[in-house]
Structures are given as C-alpha cells and as structure tokens.
Amino acid sequence: SRRYARDQSLNSEMTEAVLCEMENGADCKLFASGMAAATALVQTLRPGDRIAAPTVMYWSFRDWLILFCRDWGIDLAFYTPGDENSLAIVLQAAPTQLVWVESPANPTWEMVDIARAADLAHAAGAQLVADSTVSTPLLTKPIELGADYVIHSATKYINGHSDVVAGAVIAAKQDARWERLCMVRVKQGGILGPFEGWLLLRGMRTMHLRVERACQNAMALALHFENFPGVSQVIYPGLTSHPGHEIAVKQMKGGFGGMLSIRFDGGKARTAEIMGRMKHFVRATSLGGVESLVEHRALVEGDGSPVPDDLLRFSIGIENIEDLIHDLEQAVRG
C-alpha cells in the first residue's frame, strides 16, 4: 500500500471530492461523526481565542462547547439567532477568531442570514463556520454566501439511510486553520473507514430525490397543521408566518428542508400523549433518513434545555404524505 489507511482511503477521497464540488469548496475531509468534525474545527483555536456561537443549535455540540471552552481557556460568547443585531454586538465586545452559525437552527429553526454573518465575522477579523446539516448542499451553499467552512453531520441527509455515522468539513480555501484541522483529524484518529466512505457515496446517489420529497412532504404537513385545532404553532421556514421566511427564501434554493417543529396546546403532558399515539412516525433521535421521526426535544435534552416542553421535533421522510397527515391528525385528536 502506498499509504497508511487510517487517514486516507480511495473510497473516502471519492466521497470527499463529490462533497467538495457540491459545496464549491477548495478541499473536504470526512470524519467519523458530525461531532468529530465539529469538535476538530473548534480545536483549531488556541487558549485565549474566542468563539461566538448561537444560543440555539445542536444540543450535544452546544454542551460540548461549554465544557471544552471552559477547560481549555477559550472564550465562548453566545448570540441570539434570528436577532440581526445580536451577533454584531457580540463581535464588538472582544476580538473573535471563529463565528459559528446553524441555519436553520435545530430544533426551533431560527434563520441566520449567512451572508450578513460572514460580512460581520470578516469585518471583525474572524472566520465563519456554517453547520449546513439540515439544509444540505442541495438547498444552501454557505461558501457562496461567504462562509469559510461548511460542516455536515453526514449521518443525516447526505447518507440518508440511517446506517452510517459520518461527518464532513469543507473549506473555502486551504489556509493555516485548514492545515491545523487536518492535523487534528489525523492525530486524534476521528477518521471515517473505507467501507463507511463507500456507503456514504452510495447514499449520496439518491440525495437529490430524497431531499426533494422530504421538502415537499414537510411543506404539505406544515401547511395542513398551521391552523389545526390543538396546535399552537408550526415552526417551518417555508411558512410565510415564520420570522425568518425572507432569509430562507434568499438562501435556501429548491425547498425549505425536511425538518419542522410543532407546539401543541395543553403543555408538556398533552404533548407527550400526542407523541405516544403516533403510529407511522418513529420515536427516535436523529434526522434526515427516509423514515419520518418524532421526538420530544425538551425531554431528550433534560434540565437546562432552551426548548419549550410543548414542542415536538419532526424529521419528515419520503412516505406517502396522506399517511403522515392522517397519523398526526389522529394523534392530536386523540
């Protein structure tokens, strides 16, 4: 063999090349998980550096950020996604090296204007990282909007079959931070195996069909339940009632994603009962697969969760939409 397979394999390189082209990046590296990819990027920071992150984001990564930054002497500042002035105020407060955005933001789906965030970050001397897991490369291209790095939990829509755990980082250019990221990846060993790389490439062959269908189903479900009895709010960027709808229209092309959340009248107890009555929606933590999933995020995240306890998060799959609508109707009506 011409090289050691821990950090390089032909299967992974082919997948990286496709993702790099889809995101219009300069280079791409696969990781063993989305968390491995995200944490490696943060580990390019040095003690004394500063990172700005949204208050609403993937819960497990937010929790890790708080622990890691505290222990490694990195200043962590939170801004409010959906508030166009919040990030600017945070960046004015102190020198910042990295700005993290997640748009739409999981699980309450606030929209962040990536182009504006990139301008603010660059004016402050920082680089912008965009977690585009929910949007996928088919709907949003953060590098074209000014992002320096794009991250994906490739476990989700890119794979699409719930049988691979993987992550990816794509760089707009191969700069010093990118070289450090590649070093962290190799030395810590968070590498995707060759077989998983092949499975990921297999899943990507149907991504355009899966994402298109998920977007169609999610929009139909959101419209149907927006004013449904017993429903207090449907949160989906494709709805004109969504506060970030105009941003979504601007930066999401071809659909508004397969993720939405619904808040129900009656509080935590009734919301849990509704979830328990569903038959087609699988009660599970993940997203982006061909099957439709539901979870009670506040219960999953536990104490300290910013998510309302009357909210259910849905990952909409590719099933017949009438079956999904009927299932949720009967669950709400009881």
# chains A, B, ... in the order shown; residues from 1 in each chain; ligands from 1

call {"tool": "residues_around", "arguments": {"residues": "A:Val164", "least_positions_apart": "3", "cutoff": "12 Å", "atoms": "only C-alpha atoms", "output": "ChimeraX atom specification"}}
result
/A:31-34,153-161,167,192-204,286,288-289

call {"tool": "write_last_selection", "arguments": {"atoms": "N, CA and C atoms", "output": "PDB file, in the first residue's frame"}}
result
ATOM      1  N   PHE A  31     -15.012  12.745   8.494  1.00  0.00           N
ATOM      2  CA  PHE A  31     -14.741  12.396   9.881  1.00  0.00           C
ATOM      3  C   PHE A  31     -15.643  11.246  10.305  1.00  0.00           C
ATOM      4  N   ALA A  32     -15.340  10.668  11.457  1.00  0.00           N
ATOM      5  CA  ALA A  32     -16.085   9.514  11.944  1.00  0.00           C
ATOM      6  C   ALA A  32     -17.491   9.862  12.406  1.00  0.00           C
ATOM      7  N   SER A  33     -17.785  11.141  12.609  1.00  0.00           N
ATOM      8  CA  SER A  33     -19.119  11.583  13.009  1.00  0.00           C
ATOM      9  C   SER A  33     -19.207  13.081  12.806  1.00  0.00           C
ATOM     10  N   GLY A  34     -20.439  13.603  12.875  1.00  0.00           N
ATOM     11  CA  GLY A  34     -20.602  15.044  12.816  1.00  0.00           C
ATOM     12  C   GLY A  34     -19.957  15.733  14.012  1.00  0.00           C
ATOM     13  N   SER A 153     -23.193  16.985   9.491  1.00  0.00           N
ATOM     14  CA  SER A 153     -23.321  15.644  10.050  1.00  0.00           C
ATOM     15  C   SER A 153     -23.824  14.792   8.892  1.00  0.00           C
ATOM     16  N   ALA A 154     -22.893  14.119   8.233  1.00  0.00           N
ATOM     17  CA  ALA A 154     -23.240  13.346   7.038  1.00  0.00           C
ATOM     18  C   ALA A 154     -24.062  12.113   7.368  1.00  0.00           C
ATOM     19  N   THR A 155     -24.182  11.808   8.656  1.00  0.00           N
ATOM     20  CA  THR A 155     -25.085  10.761   9.132  1.00  0.00           C
ATOM     21  C   THR A 155     -26.495  11.000   8.618  1.00  0.00           C
ATOM     22  N   LYS A 156     -26.843  12.269   8.428  1.00  0.00           N
ATOM     23  CA  LYS A 156     -28.223  12.672   8.191  1.00  0.00           C
ATOM     24  C   LYS A 156     -28.561  12.619   6.695  1.00  0.00           C
ATOM     25  N   TYR A 157     -28.869  13.749   6.076  1.00  0.00           N
ATOM     26  CA  TYR A 157     -29.382  13.739   4.705  1.00  0.00           C
ATOM     27  C   TYR A 157     -28.372  13.245   3.678  1.00  0.00           C
ATOM     28  N   ILE A 158     -27.100  13.520   3.885  1.00  0.00           N
ATOM     29  CA  ILE A 158     -26.111  13.116   2.890  1.00  0.00           C
ATOM     30  C   ILE A 158     -26.081  11.601   2.763  1.00  0.00           C
ATOM     31  N   ASN A 159     -26.117  10.902   3.887  1.00  0.00           N
ATOM     32  CA  ASN A 159     -26.216   9.440   3.839  1.00  0.00           C
ATOM     33  C   ASN A 159     -27.655   9.019   3.540  1.00  0.00           C
ATOM     34  N   GLY A 160     -28.578   9.439   4.408  1.00  0.00           N
ATOM     35  CA  GLY A 160     -29.985   9.301   4.127  1.00  0.00           C
ATOM     36  C   GLY A 160     -30.625   7.966   4.416  1.00  0.00           C
ATOM     37  N   HIS A 161     -29.868   6.976   4.886  1.00  0.00           N
ATOM     38  CA  HIS A 161     -30.442   5.651   5.115  1.00  0.00           C
ATOM     39  C   HIS A 161     -30.264   5.178   6.557  1.00  0.00           C
ATOM     40  N   GLY A 167     -19.155  12.517   9.405  1.00  0.00           N
ATOM     41  CA  GLY A 167     -19.144  13.977   9.387  1.00  0.00           C
ATOM     42  C   GLY A 167     -18.258  14.470   8.268  1.00  0.00           C
ATOM     43  N   LEU A 192     -13.135   8.430   9.087  1.00  0.00           N
ATOM     44  CA  LEU A 192     -14.162   7.552   8.549  1.00  0.00           C
ATOM     45  C   LEU A 192     -13.505   6.364   7.845  1.00  0.00           C
ATOM     46  N   GLY A 193     -13.997   5.154   8.108  1.00  0.00           N
ATOM     47  CA  GLY A 193     -13.441   3.965   7.480  1.00  0.00           C
ATOM     48  C   GLY A 193     -13.777   3.876   6.000  1.00  0.00           C
ATOM     49  N   PRO A 194     -13.000   3.111   5.244  1.00  0.00           N
ATOM     50  CA  PRO A 194     -13.238   2.992   3.792  1.00  0.00           C
ATOM     51  C   PRO A 194     -14.629   2.471   3.445  1.00  0.00           C
ATOM     52  N   PHE A 195     -15.119   1.475   4.192  1.00  0.00           N
ATOM     53  CA  PHE A 195     -16.438   0.937   3.888  1.00  0.00           C
ATOM     54  C   PHE A 195     -17.529   1.975   4.149  1.00  0.00           C
ATOM     55  N   GLU A 196     -17.395   2.707   5.251  1.00  0.00           N
ATOM     56  CA  GLU A 196     -18.367   3.759   5.550  1.00  0.00           C
ATOM     57  C   GLU A 196     -18.308   4.864   4.493  1.00  0.00           C
ATOM     58  N   GLY A 197     -17.107   5.142   3.993  1.00  0.00           N
ATOM     59  CA  GLY A 197     -16.978   6.109   2.907  1.00  0.00           C
ATOM     60  C   GLY A 197     -17.730   5.671   1.666  1.00  0.00           C
ATOM     61  N   TRP A 198     -17.665   4.368   1.380  1.00  0.00           N
ATOM     62  CA  TRP A 198     -18.394   3.843   0.221  1.00  0.00           C
ATOM     63  C   TRP A 198     -19.903   3.915   0.451  1.00  0.00           C
ATOM     64  N   LEU A 199     -20.357   3.563   1.669  1.00  0.00           N
ATOM     65  CA  LEU A 199     -21.778   3.644   1.972  1.00  0.00           C
ATOM     66  C   LEU A 199     -22.289   5.082   1.863  1.00  0.00           C
ATOM     67  N   LEU A 200     -21.468   6.017   2.276  1.00  0.00           N
ATOM     68  CA  LEU A 200     -21.852   7.425   2.198  1.00  0.00           C
ATOM     69  C   LEU A 200     -22.017   7.849   0.738  1.00  0.00           C
ATOM     70  N   LEU A 201     -21.102   7.439  -0.099  1.00  0.00           N
ATOM     71  CA  LEU A 201     -21.196   7.761  -1.520  1.00  0.00           C
ATOM     72  C   LEU A 201     -22.433   7.110  -2.138  1.00  0.00           C
ATOM     73  N   ARG A 202     -22.740   5.893  -1.717  1.00  0.00           N
ATOM     74  CA  ARG A 202     -23.959   5.210  -2.174  1.00  0.00           C
ATOM     75  C   ARG A 202     -25.193   6.018  -1.837  1.00  0.00           C
ATOM     76  N   GLY A 203     -25.261   6.497  -0.588  1.00  0.00           N
ATOM     77  CA  GLY A 203     -26.414   7.287  -0.174  1.00  0.00           C
ATOM     78  C   GLY A 203     -26.546   8.583  -0.949  1.00  0.00           C
ATOM     79  N   MET A 204     -25.426   9.192  -1.281  1.00  0.00           N
ATOM     80  CA  MET A 204     -25.453  10.471  -1.977  1.00  0.00           C
ATOM     81  C   MET A 204     -26.049  10.359  -3.374  1.00  0.00           C
ATOM     82  N   SER A 286     -32.765  11.442  15.689  1.00  0.00           N
ATOM     83  CA  SER A 286     -31.923  11.573  14.509  1.00  0.00           C
ATOM     84  C   SER A 286     -32.711  12.408  13.527  1.00  0.00           C
ATOM     85  N   GLY A 288     -33.074  13.195   8.868  1.00  0.00           N
ATOM     86  CA  GLY A 288     -32.509  13.108   7.522  1.00  0.00           C
ATOM     87  C   GLY A 288     -32.598  11.759   6.848  1.00  0.00           C
ATOM     88  N   GLY A 289     -33.269  10.787   7.453  1.00  0.00           N
ATOM     89  CA  GLY A 289     -33.408   9.487   6.819  1.00  0.00           C
ATOM     90  C   GLY A 289     -34.668   9.416   5.974  1.00  0.00           C
TER      91      GLY A 289
END

call {"tool": "closest_atom_pairs", "arguments": {"of": "stretch 94-113 of chain A", "to": "stretch 231-239 of chain A", "cutoff": "10 Å", "atoms": "only C-alpha atoms", "output": "tab-separated table"}}
result
residue	atom	partner	partner_atom	distance
A:Pro104	CA	A:Pro237	CA	7.7
A:Pro107	CA	A:Ile235	CA	9.3
A:Thr108	CA	A:Ile235	CA	6.8
A:Trp109	CA	A:Tyr236	CA	6.8
A:Glu110	CA	A:Pro237	CA	7.9
A:Met111	CA	A:Pro237	CA	7.5

call {"tool": "select_by_dssp", "arguments": {"residues": "stretch 92-217 of chain A", "states": "strand (DSSP E or B)", "output": "JSON, numbers by chain"}}
result
{"A": [98, 99, 100, 101, 102, 105, 110, 127, 128, 129, 130, 131, 149, 150, 151, 152, 167, 168, 169, 170, 171]}

call {"tool": "closest_residue", "arguments": {"among": "A:Asp309, A:Glu301, A:Glu273, A:Asp75", "to": "A:Val90", "atoms": "only C-alpha atoms"}}
result
A:Asp75

call {"tool": "atom_distance", "arguments": {"atom1": "atom CA of A:Asn217", "atom2": "atom CA of A:Leu312"}}
result
16.8 Å

call {"tool": "residues_around", "arguments": {"residues": "A:Gln127", "least_positions_apart": "5", "cutoff": "10 Å", "atoms": "only C-alpha atoms", "output": "list in words"}}
result
Ile51, Thr96, Gln97, Leu98, Val99, Trp100, Ala117, Ala118, Asp119, Leu120, Ala121, His122, Gly146, Ala147, Asp148, Tyr149 and Arg177 of chain A

call {"tool": "write_last_selection", "arguments": {"atoms": "N, CA and C atoms", "output": "PDB file, in the first residue's frame"}}
result
ATOM      1  N   ILE A  51     -14.700  32.308  20.493  1.00  0.00           N
ATOM      2  CA  ILE A  51     -15.654  31.795  19.518  1.00  0.00           C
ATOM      3  C   ILE A  51     -17.039  32.314  19.863  1.00  0.00           C
ATOM      4  N   THR A  96     -12.509  38.226  18.146  1.00  0.00           N
ATOM      5  CA  THR A  96     -13.074  36.889  17.967  1.00  0.00           C
ATOM      6  C   THR A  96     -12.410  36.213  16.778  1.00  0.00           C
ATOM      7  N   GLN A  97     -12.115  34.929  16.924  1.00  0.00           N
ATOM      8  CA  GLN A  97     -11.455  34.193  15.848  1.00  0.00           C
ATOM      9  C   GLN A  97     -12.421  33.356  15.007  1.00  0.00           C
ATOM     10  N   LEU A  98     -13.488  32.861  15.630  1.00  0.00           N
ATOM     11  CA  LEU A  98     -14.385  31.938  14.930  1.00  0.00           C
ATOM     12  C   LEU A  98     -15.836  32.293  15.264  1.00  0.00           C
ATOM     13  N   VAL A  99     -16.677  32.315  14.238  1.00  0.00           N
ATOM     14  CA  VAL A  99     -18.116  32.519  14.408  1.00  0.00           C
ATOM     15  C   VAL A  99     -18.828  31.280  13.873  1.00  0.00           C
ATOM     16  N   TRP A 100     -19.732  30.734  14.681  1.00  0.00           N
ATOM     17  CA  TRP A 100     -20.459  29.515  14.312  1.00  0.00           C
ATOM     18  C   TRP A 100     -21.909  29.878  14.025  1.00  0.00           C
ATOM     19  N   ALA A 117     -23.856  37.376   8.267  1.00  0.00           N
ATOM     20  CA  ALA A 117     -22.995  36.870   9.336  1.00  0.00           C
ATOM     21  C   ALA A 117     -21.541  36.799   8.866  1.00  0.00           C
ATOM     22  N   ALA A 118     -21.346  36.393   7.616  1.00  0.00           N
ATOM     23  CA  ALA A 118     -19.982  36.321   7.066  1.00  0.00           C
ATOM     24  C   ALA A 118     -19.361  37.710   6.993  1.00  0.00           C
ATOM     25  N   ASP A 119     -20.143  38.703   6.555  1.00  0.00           N
ATOM     26  CA  ASP A 119     -19.626  40.076   6.484  1.00  0.00           C
ATOM     27  C   ASP A 119     -19.243  40.579   7.868  1.00  0.00           C
ATOM     28  N   LEU A 120     -20.101  40.316   8.857  1.00  0.00           N
ATOM     29  CA  LEU A 120     -19.811  40.757  10.221  1.00  0.00           C
ATOM     30  C   LEU A 120     -18.561  40.062  10.763  1.00  0.00           C
ATOM     31  N   ALA A 121     -18.464  38.752  10.524  1.00  0.00           N
ATOM     32  CA  ALA A 121     -17.310  37.996  11.010  1.00  0.00           C
ATOM     33  C   ALA A 121     -16.020  38.498  10.376  1.00  0.00           C
ATOM     34  N   HIS A 122     -16.019  38.661   9.083  1.00  0.00           N
ATOM     35  CA  HIS A 122     -14.799  39.078   8.382  1.00  0.00           C
ATOM     36  C   HIS A 122     -14.387  40.498   8.773  1.00  0.00           C
ATOM     37  N   GLY A 146     -20.313  33.331   1.572  1.00  0.00           N
ATOM     38  CA  GLY A 146     -19.217  33.958   2.304  1.00  0.00           C
ATOM     39  C   GLY A 146     -18.628  33.147   3.435  1.00  0.00           C
ATOM     40  N   ALA A 147     -19.173  31.961   3.722  1.00  0.00           N
ATOM     41  CA  ALA A 147     -18.636  31.140   4.810  1.00  0.00           C
ATOM     42  C   ALA A 147     -17.241  30.641   4.474  1.00  0.00           C
ATOM     43  N   ASP A 148     -16.412  30.505   5.500  1.00  0.00           N
ATOM     44  CA  ASP A 148     -15.054  29.976   5.328  1.00  0.00           C
ATOM     45  C   ASP A 148     -15.031  28.456   5.436  1.00  0.00           C
ATOM     46  N   TYR A 149     -15.943  27.912   6.233  1.00  0.00           N
ATOM     47  CA  TYR A 149     -16.031  26.464   6.417  1.00  0.00           C
ATOM     48  C   TYR A 149     -17.492  26.043   6.454  1.00  0.00           C
ATOM     49  N   ARG A 177      -5.672  27.488   9.216  1.00  0.00           N
ATOM     50  CA  ARG A 177      -6.628  26.788  10.065  1.00  0.00           C
ATOM     51  C   ARG A 177      -6.986  25.432   9.463  1.00  0.00           C
TER      52      ARG A 177
END

call {"tool": "residues_around", "arguments": {"residues": "stretch 178-183 of chain A", "least_positions_apart": "2", "cutoff": "12 Å", "atoms": "only C-alpha atoms", "output": "number ranges by chain"}}
result
A: 7-8, 26-31, 36-46, 127, 129, 148-150, 168-176, 185-191

call {"tool": "select_by_dssp", "arguments": {"residues": "stretch 40-216 of chain A", "states": "alpha helix (DSSP H)", "output": "ChimeraX atom specification"}}
result
/A:40-42,59-71,86-93,114-123,136-139,176-188,194-204,207-216

call {"tool": "residues_around", "arguments": {"residues": "A:Ala94", "least_positions_apart": "5", "cutoff": "12 Å", "atoms": "only C-alpha atoms", "output": "CSV table (one decimal) with C-alpha atoms, in the first residue's frame"}}
result
chain,number,residue,atom,x,y,z
A,48,GLY,CA,-7.1,32.8,24.8
A,49,ASP,CA,-9.0,32.7,21.5
A,50,ARG,CA,-12.7,33.5,21.3
A,51,ILE,CA,-15.7,31.8,19.5
A,52,ALA,CA,-19.2,33.2,19.0
A,75,ASP,CA,-13.7,32.5,25.5
A,76,LEU,CA,-17.2,31.4,24.5
A,77,ALA,CA,-19.8,34.0,23.7
A,87,LEU,CA,-24.1,38.8,16.6
A,88,ALA,CA,-22.9,42.3,15.8
A,89,ILE,CA,-23.0,43.3,19.5
A,124,ALA,CA,-14.2,41.6,12.9
A,125,GLY,CA,-11.2,39.6,11.7
A,126,ALA,CA,-13.0,36.2,12.4

call {"tool": "decode", "arguments": {"residues": "stretch 68-80 of chain A", "atoms": "all heavy atoms", "output": "short mmCIF file (atom, residue, chain, number, x, y, z; two decimals), in the first residue's frame"}}
result
data_model
loop_
_atom_site.label_atom_id
_atom_site.label_comp_id
_atom_site.auth_asym_id
_atom_site.auth_seq_id
_atom_site.Cartn_x
_atom_site.Cartn_y
_atom_site.Cartn_z
N PHE A 68 -15.65 22.30 26.82
CA PHE A 68 -14.32 22.39 26.23
C PHE A 68 -13.75 23.80 26.39
O PHE A 68 -12.58 23.96 26.78
CB PHE A 68 -14.37 22.02 24.75
CG PHE A 68 -13.05 22.15 24.05
CD1 PHE A 68 -12.09 21.15 24.15
CD2 PHE A 68 -12.75 23.28 23.29
CE1 PHE A 68 -10.86 21.27 23.52
CE2 PHE A 68 -11.52 23.41 22.66
CZ PHE A 68 -10.58 22.40 22.77
N CYS A 69 -14.55 24.80 26.08
CA CYS A 69 -14.04 26.17 26.15
C CYS A 69 -13.65 26.55 27.57
O CYS A 69 -12.64 27.22 27.80
CB CYS A 69 -15.07 27.14 25.59
SG CYS A 69 -15.31 26.99 23.80
N ARG A 70 -14.44 26.08 28.54
CA ARG A 70 -14.11 26.36 29.94
C ARG A 70 -12.78 25.72 30.33
O ARG A 70 -11.94 26.33 30.99
CB ARG A 70 -15.24 25.84 30.83
CG ARG A 70 -15.03 26.08 32.33
CD ARG A 70 -16.02 25.25 33.13
NE ARG A 70 -15.76 23.81 32.96
CZ ARG A 70 -16.65 22.87 33.29
NH1 ARG A 70 -17.85 23.20 33.75
NH2 ARG A 70 -16.33 21.59 33.12
N ASP A 71 -12.58 24.46 29.93
CA ASP A 71 -11.39 23.72 30.36
C ASP A 71 -10.13 24.12 29.59
O ASP A 71 -9.02 23.93 30.10
CB ASP A 71 -11.63 22.21 30.19
CG ASP A 71 -12.68 21.68 31.15
OD1 ASP A 71 -13.02 22.40 32.12
OD2 ASP A 71 -13.16 20.56 30.94
N TRP A 72 -10.28 24.65 28.38
CA TRP A 72 -9.12 24.94 27.54
C TRP A 72 -8.85 26.43 27.37
O TRP A 72 -8.06 26.83 26.53
CB TRP A 72 -9.28 24.26 26.18
CG TRP A 72 -9.11 22.78 26.29
CD1 TRP A 72 -10.06 21.86 26.63
CD2 TRP A 72 -7.90 22.05 26.12
NE1 TRP A 72 -9.52 20.60 26.67
CE2 TRP A 72 -8.19 20.68 26.36
CE3 TRP A 72 -6.59 22.39 25.78
CZ2 TRP A 72 -7.23 19.67 26.28
CZ3 TRP A 72 -5.63 21.39 25.69
CH2 TRP A 72 -5.96 20.06 25.94
N GLY A 73 -9.50 27.24 28.18
CA GLY A 73 -9.18 28.67 28.19
C GLY A 73 -9.61 29.40 26.94
O GLY A 73 -8.95 30.37 26.52
N ILE A 74 -10.70 28.98 26.34
CA ILE A 74 -11.24 29.64 25.15
C ILE A 74 -12.49 30.41 25.56
O ILE A 74 -13.36 29.89 26.28
CB ILE A 74 -11.57 28.62 24.05
CG1 ILE A 74 -10.26 28.00 23.55
CG2 ILE A 74 -12.33 29.25 22.90
CD1 ILE A 74 -10.46 26.79 22.66
N ASP A 75 -12.59 31.63 25.14
CA ASP A 75 -13.72 32.48 25.48
C ASP A 75 -14.90 32.12 24.58
O ASP A 75 -14.80 32.18 23.35
CB ASP A 75 -13.34 33.96 25.29
CG ASP A 75 -14.45 34.90 25.74
OD1 ASP A 75 -15.37 34.45 26.45
OD2 ASP A 75 -14.39 36.09 25.37
N LEU A 76 -16.01 31.72 25.19
CA LEU A 76 -17.21 31.35 24.46
C LEU A 76 -18.28 32.41 24.68
O LEU A 76 -18.67 32.69 25.82
CB LEU A 76 -17.72 29.99 24.93
CG LEU A 76 -19.07 29.51 24.41
CD1 LEU A 76 -19.06 29.37 22.89
CD2 LEU A 76 -19.47 28.18 25.07
N ALA A 77 -18.74 33.01 23.59
CA ALA A 77 -19.79 34.02 23.66
C ALA A 77 -20.99 33.55 22.84
O ALA A 77 -20.82 33.05 21.73
CB ALA A 77 -19.28 35.36 23.13
N PHE A 78 -22.19 33.71 23.40
CA PHE A 78 -23.39 33.30 22.70
C PHE A 78 -24.12 34.51 22.14
O PHE A 78 -24.21 35.56 22.80
CB PHE A 78 -24.33 32.53 23.64
CG PHE A 78 -23.90 31.12 23.92
CD1 PHE A 78 -23.39 30.77 25.17
CD2 PHE A 78 -23.99 30.16 22.94
CE1 PHE A 78 -22.99 29.47 25.42
CE2 PHE A 78 -23.60 28.85 23.19
CZ PHE A 78 -23.09 28.50 24.43
N TYR A 79 -24.65 34.36 20.93
CA TYR A 79 -25.53 35.36 20.35
C TYR A 79 -26.88 34.71 20.06
O TYR A 79 -27.01 33.48 20.05
CB TYR A 79 -24.93 35.95 19.07
CG TYR A 79 -24.82 34.97 17.91
CD1 TYR A 79 -25.86 34.84 16.99
CD2 TYR A 79 -23.69 34.17 17.74
CE1 TYR A 79 -25.78 33.93 15.93
CE2 TYR A 79 -23.60 33.27 16.69
CZ TYR A 79 -24.65 33.16 15.79
OH TYR A 79 -24.56 32.25 14.76
N THR A 80 -27.89 35.52 19.82
CA THR A 80 -29.25 35.03 19.60
C THR A 80 -29.53 34.93 18.10
O THR A 80 -29.59 35.95 17.42
CB THR A 80 -30.28 35.96 20.24
OG1 THR A 80 -29.97 36.11 21.64
CG2 THR A 80 -31.69 35.41 20.08
#
